[in-house]
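data.cif (mmCIF, C-alpha atoms)
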```cif
data_upload
#
loop_
_atom_site.label_atom_id
_atom_site.label_comp_id
_atom_site.auth_asym_id
_atom_site.auth_seq_id
_atom_site.Cartn_x
_atom_site.Cartn_y
_atom_site.Cartn_z
CA MET A 1 -2.84 -10.82 11.88
CA GLU A 2 -2.70 -7.70 13.93
CA GLY A 3 -1.22 -4.84 12.07
CA GLU A 4 -1.86 -1.39 10.73
CA ALA A 5 -4.22 -0.62 7.87
CA THR A 6 -1.92 0.39 5.03
CA TYR A 7 -4.20 0.12 2.00
CA ARG A 8 -7.91 0.29 1.30
CA GLY A 9 -9.40 0.03 -2.13
CA ALA A 10 -11.64 -1.82 -4.51
CA VAL A 11 -11.31 -4.34 -7.28
CA TYR A 12 -12.33 -2.80 -10.60
CA PRO A 13 -13.30 -4.73 -13.73
CA TRP A 14 -9.99 -3.81 -15.40
CA HIS A 15 -8.15 -5.53 -12.52
CA CYS A 16 -9.68 -8.85 -13.58
CA ASP A 17 -8.29 -11.34 -16.07
CA HIS A 18 -10.04 -13.59 -18.58
CA ILE A 19 -11.02 -15.98 -15.77
CA GLY A 20 -12.89 -13.18 -14.01
CA HIS A 21 -10.82 -12.73 -10.85
CA MET A 22 -8.27 -10.08 -9.91
CA ASN A 23 -5.06 -10.75 -11.82
CA VAL A 24 -1.82 -11.35 -9.91
CA MET A 25 -0.26 -8.11 -11.21
CA TRP A 26 -2.83 -6.13 -9.22
CA TYR A 27 -2.12 -7.99 -5.97
CA VAL A 28 1.52 -7.00 -6.40
CA GLY A 29 0.54 -3.38 -7.04
CA LYS A 30 -1.76 -3.16 -4.03
CA PHE A 31 0.86 -4.74 -1.76
CA ASP A 32 3.38 -2.24 -3.17
CA GLU A 33 1.10 0.65 -2.19
CA ALA A 34 0.80 -0.86 1.29
CA ASN A 35 4.63 -0.99 1.45
CA TRP A 36 4.94 2.73 0.74
CA ASN A 37 2.38 3.55 3.41
CA MET A 38 4.26 1.40 5.93
CA PHE A 39 7.58 2.95 4.90
CA ALA A 40 6.18 6.44 5.52
CA ARG A 41 5.00 5.44 9.00
CA ILE A 42 8.52 4.43 9.98
CA GLY A 43 10.10 7.63 8.70
CA LEU A 44 10.89 6.58 5.13
CA THR A 45 8.67 9.37 3.87
CA PRO A 46 8.68 10.73 0.33
CA SER A 47 10.54 13.86 1.50
CA TYR A 48 13.14 11.77 3.35
CA LEU A 49 13.70 9.66 0.24
CA ARG A 50 13.97 12.74 -2.00
CA GLU A 51 16.26 14.72 0.32
CA SER A 52 18.53 11.94 1.62
CA GLY A 53 19.50 10.42 -1.70
CA CYS A 54 18.44 7.08 -0.26
CA GLY A 55 15.79 4.65 -1.41
CA MET A 56 14.32 1.25 -0.74
CA ALA A 57 14.85 -1.75 -3.00
CA ALA A 58 12.87 -4.97 -2.79
CA VAL A 59 15.16 -8.00 -2.71
CA GLN A 60 12.66 -10.75 -1.95
CA GLN A 61 8.88 -11.01 -2.14
CA SER A 62 6.60 -13.95 -1.59
CA ILE A 63 2.84 -13.89 -2.15
CA ALA A 64 0.39 -16.61 -1.14
CA TYR A 65 -3.02 -16.47 -2.81
CA LYS A 66 -5.79 -17.74 -0.52
CA ARG A 67 -9.16 -16.65 -1.98
CA GLU A 68 -10.21 -15.06 -5.22
CA LEU A 69 -11.22 -11.43 -5.45
CA PHE A 70 -13.73 -10.20 -8.04
CA ALA A 71 -14.80 -6.89 -9.54
CA GLY A 72 -16.66 -4.89 -6.89
CA ASP A 73 -14.92 -6.46 -3.91
CA VAL A 74 -13.63 -3.98 -1.35
CA ILE A 75 -10.25 -4.86 0.16
CA GLU A 76 -8.04 -3.86 3.03
CA VAL A 77 -4.37 -4.60 3.58
CA ARG A 78 -3.00 -4.70 7.12
CA SER A 79 0.73 -4.71 7.61
CA ARG A 80 3.30 -5.20 10.30
CA LEU A 81 7.00 -4.61 10.50
CA ALA A 82 8.33 -8.08 11.32
CA GLU A 83 12.06 -7.39 11.27
CA PHE A 84 14.26 -4.30 11.28
CA ARG A 85 17.98 -4.75 10.71
CA ASP A 86 20.90 -2.38 10.12
CA LYS A 87 20.27 -2.04 6.37
CA SER A 88 17.10 -4.02 5.69
CA LEU A 89 13.60 -4.69 6.92
CA ARG A 90 10.89 -7.28 6.47
CA ILE A 91 7.18 -6.47 6.25
CA LEU A 92 4.26 -8.90 6.41
CA HIS A 93 1.00 -7.93 4.67
CA GLU A 94 -2.42 -9.51 4.83
CA MET A 95 -5.06 -8.63 2.22
CA ARG A 96 -8.66 -9.26 3.22
CA ASN A 97 -12.01 -8.99 1.55
CA ALA A 98 -13.42 -6.15 3.66
CA GLU A 99 -17.00 -7.45 3.42
CA THR A 100 -16.41 -11.10 4.32
CA GLY A 101 -13.21 -10.79 6.35
CA ASP A 102 -11.69 -13.64 4.31
CA ILE A 103 -7.95 -13.51 3.76
CA ALA A 104 -7.43 -13.13 0.01
CA ALA A 105 -3.62 -13.09 0.01
CA THR A 106 -0.56 -12.62 2.16
CA CYS A 107 2.75 -11.08 1.21
CA GLU A 108 6.16 -11.06 2.82
CA ILE A 109 8.69 -8.59 1.48
CA THR A 110 12.30 -7.91 2.35
CA ALA A 111 13.62 -4.51 1.31
CA VAL A 112 17.06 -2.95 1.57
CA HIS A 113 17.92 0.68 2.32
CA ILE A 114 20.16 1.93 -0.48
CA ASP A 115 22.24 4.92 -1.49
CA ARG A 116 20.65 5.73 -4.85
CA GLY A 117 23.83 7.31 -6.24
CA ALA A 118 26.21 4.53 -5.21
CA HIS A 119 23.65 1.75 -5.86
CA LYS A 120 24.62 -0.05 -2.66
CA SER A 121 23.07 -0.77 0.69
CA VAL A 122 23.59 1.67 3.55
CA PRO A 123 22.54 1.64 7.21
CA PHE A 124 19.31 3.32 8.25
CA ALA A 125 19.76 6.66 9.99
CA PRO A 126 19.21 6.56 13.78
CA ALA A 127 16.03 8.66 13.36
CA ILE A 128 14.55 6.00 11.08
CA ARG A 129 15.43 3.24 13.54
CA TYR A 130 13.83 5.27 16.33
CA ALA A 131 10.66 5.85 14.29
CA ALA A 132 10.47 2.17 13.27
CA MET A 133 10.75 0.57 16.71
CA PRO A 134 7.15 1.26 17.84
CA HIS A 135 5.94 -0.51 14.69
CA LEU A 136 8.08 -3.61 15.15
CA VAL A 137 5.96 -6.69 15.84
CA PRO A 138 8.31 -9.69 15.65
CA ALA A 139 6.90 -13.07 14.71
CA GLU A 140 5.56 -15.04 17.64
CA PRO A 141 7.66 -18.04 18.59
CA ALA A 142 6.28 -21.44 17.63
CA ILE A 143 4.49 -23.27 20.42
CA ALA A 144 6.17 -26.57 21.24
#
```

Translate this structure into structure tokens?
Amino acid sequence: MEGEATYRGAVYPWHCDHIGHMNVMWYVGKFDEANWNMFARIGLTPSYLRESGCGMAAVQQSIAYKRELFAGDVIEVRSRLAEFRDKSLRILHEMRNAETGDIAATCEITAVHIDRGAHKSVPFAPAIRYAAMPHLVPAEPAIA
């Protein structure tokens, strides 16, 4: 998957469960950090979120686990904005073992732009839409 590097890190022993591989809760956390980096690139920066009274809420997330990760593994997440709608967006993430290049997991997340005070969805500001468009990489159509 082409995309932008949105997270780089390592697997620490405390990330591992009793079986010895990185526990699912840490995949979720690392994908979440990648989300916030991607959000910032499209204008949903921490200052925008603080000053606008808006936020982002995950409404759907799907993770596919492909290969185990172990303590000491170095990982990279690459992300792409797959869909940008009036009030929501969809991001695709791919986590790889940085040494081997193997895909460890993929994540697809749909998030909604919300008014934090009203607790309801609101449209993205035009400036956010403008900032997001260069990052939009729609899914390729299936080959017949």

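Under the PyMOL selection byres ((chain A and resi 8-22) around 9), the matching residues in the shown file are Ala5, Thr6, Tyr7, Asn23, Val24, Met25, Trp26, Tyr27, Lys30, Ala34, Glu68, Leu69, Phe70, Ala71, Gly72, Asp73, Val74, Ile75, Glu76, Val77 and Ala98 of chain A.
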
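Comparing A:Arg67, A:Arg85, A:Arg50, A:His135 by their smallest distance to Val112 (chain A), the closest is A:Arg85 (using all atoms listed in the file).
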
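Point (23.2, 3.8, 0.6) has the following residues at most 12 Å away: Leu49, Ser52, Gly53, Cys54, Gly55, Met56, Ala57, Asp86, Lys87, Ser88, Val112, His113, Ile114, Asp115, Arg116, Gly117, Ala118, His119, Lys120, Ser121, Val122, Pro123, Phe124 and Ala125 of chain A (atoms considered: only C-alpha atoms).
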
Please compute the CA of Cys107 (chain A)-CA of Glu51 (chain A) distance, one decimal, in Å. 29.1 Å

Selected by the PyMOL selection byres ((chain A and resi 82) around 8) in the shown coordinates: which residues, as an MDAnalysis selection string? chainID A and resid 80:81 83:84 89:92 136:139

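With all atoms listed in the file as the basis for measurement, A:Thr106 is the residue among A:Asn97, A:Thr106, A:Gln61, A:Pro46 that approaches Ser79 (chain A) most closely.
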
Axis-aligned box over every listed atom of region 20-29 of chain A, padded by 3 Å per side: centre and edges in Å to one decimal, as lines of an AutoDock Vina configuration file?
```
center_x = -5.7
center_y = -8.3
center_z = -10.0
size_x = 20.4
size_y = 15.8
size_z = 14.0
```

Coordinates-based distance that separates CA of Tyr48 (chain A) from CA of Ala127 (chain A) (Å, one decimal): 10.9 Å

What is the CA of Phe31 (chain A)-CA of Ser62 (chain A) distance in Å, reported with one decimal? 10.9 Å

To verify the selection step, state as an NGL selection string which residues the PyMOL selection byres ((chain A and resi 42) around 7) yields on this input. :A and (38-41 or 43-44 or 128 or 131-132)

Closest of A:Arg78, A:Ile103, A:Gly3, A:Asn37 to Pro134 (chain A) - atom-to-atom distances counting all atoms listed in the file: A:Gly3
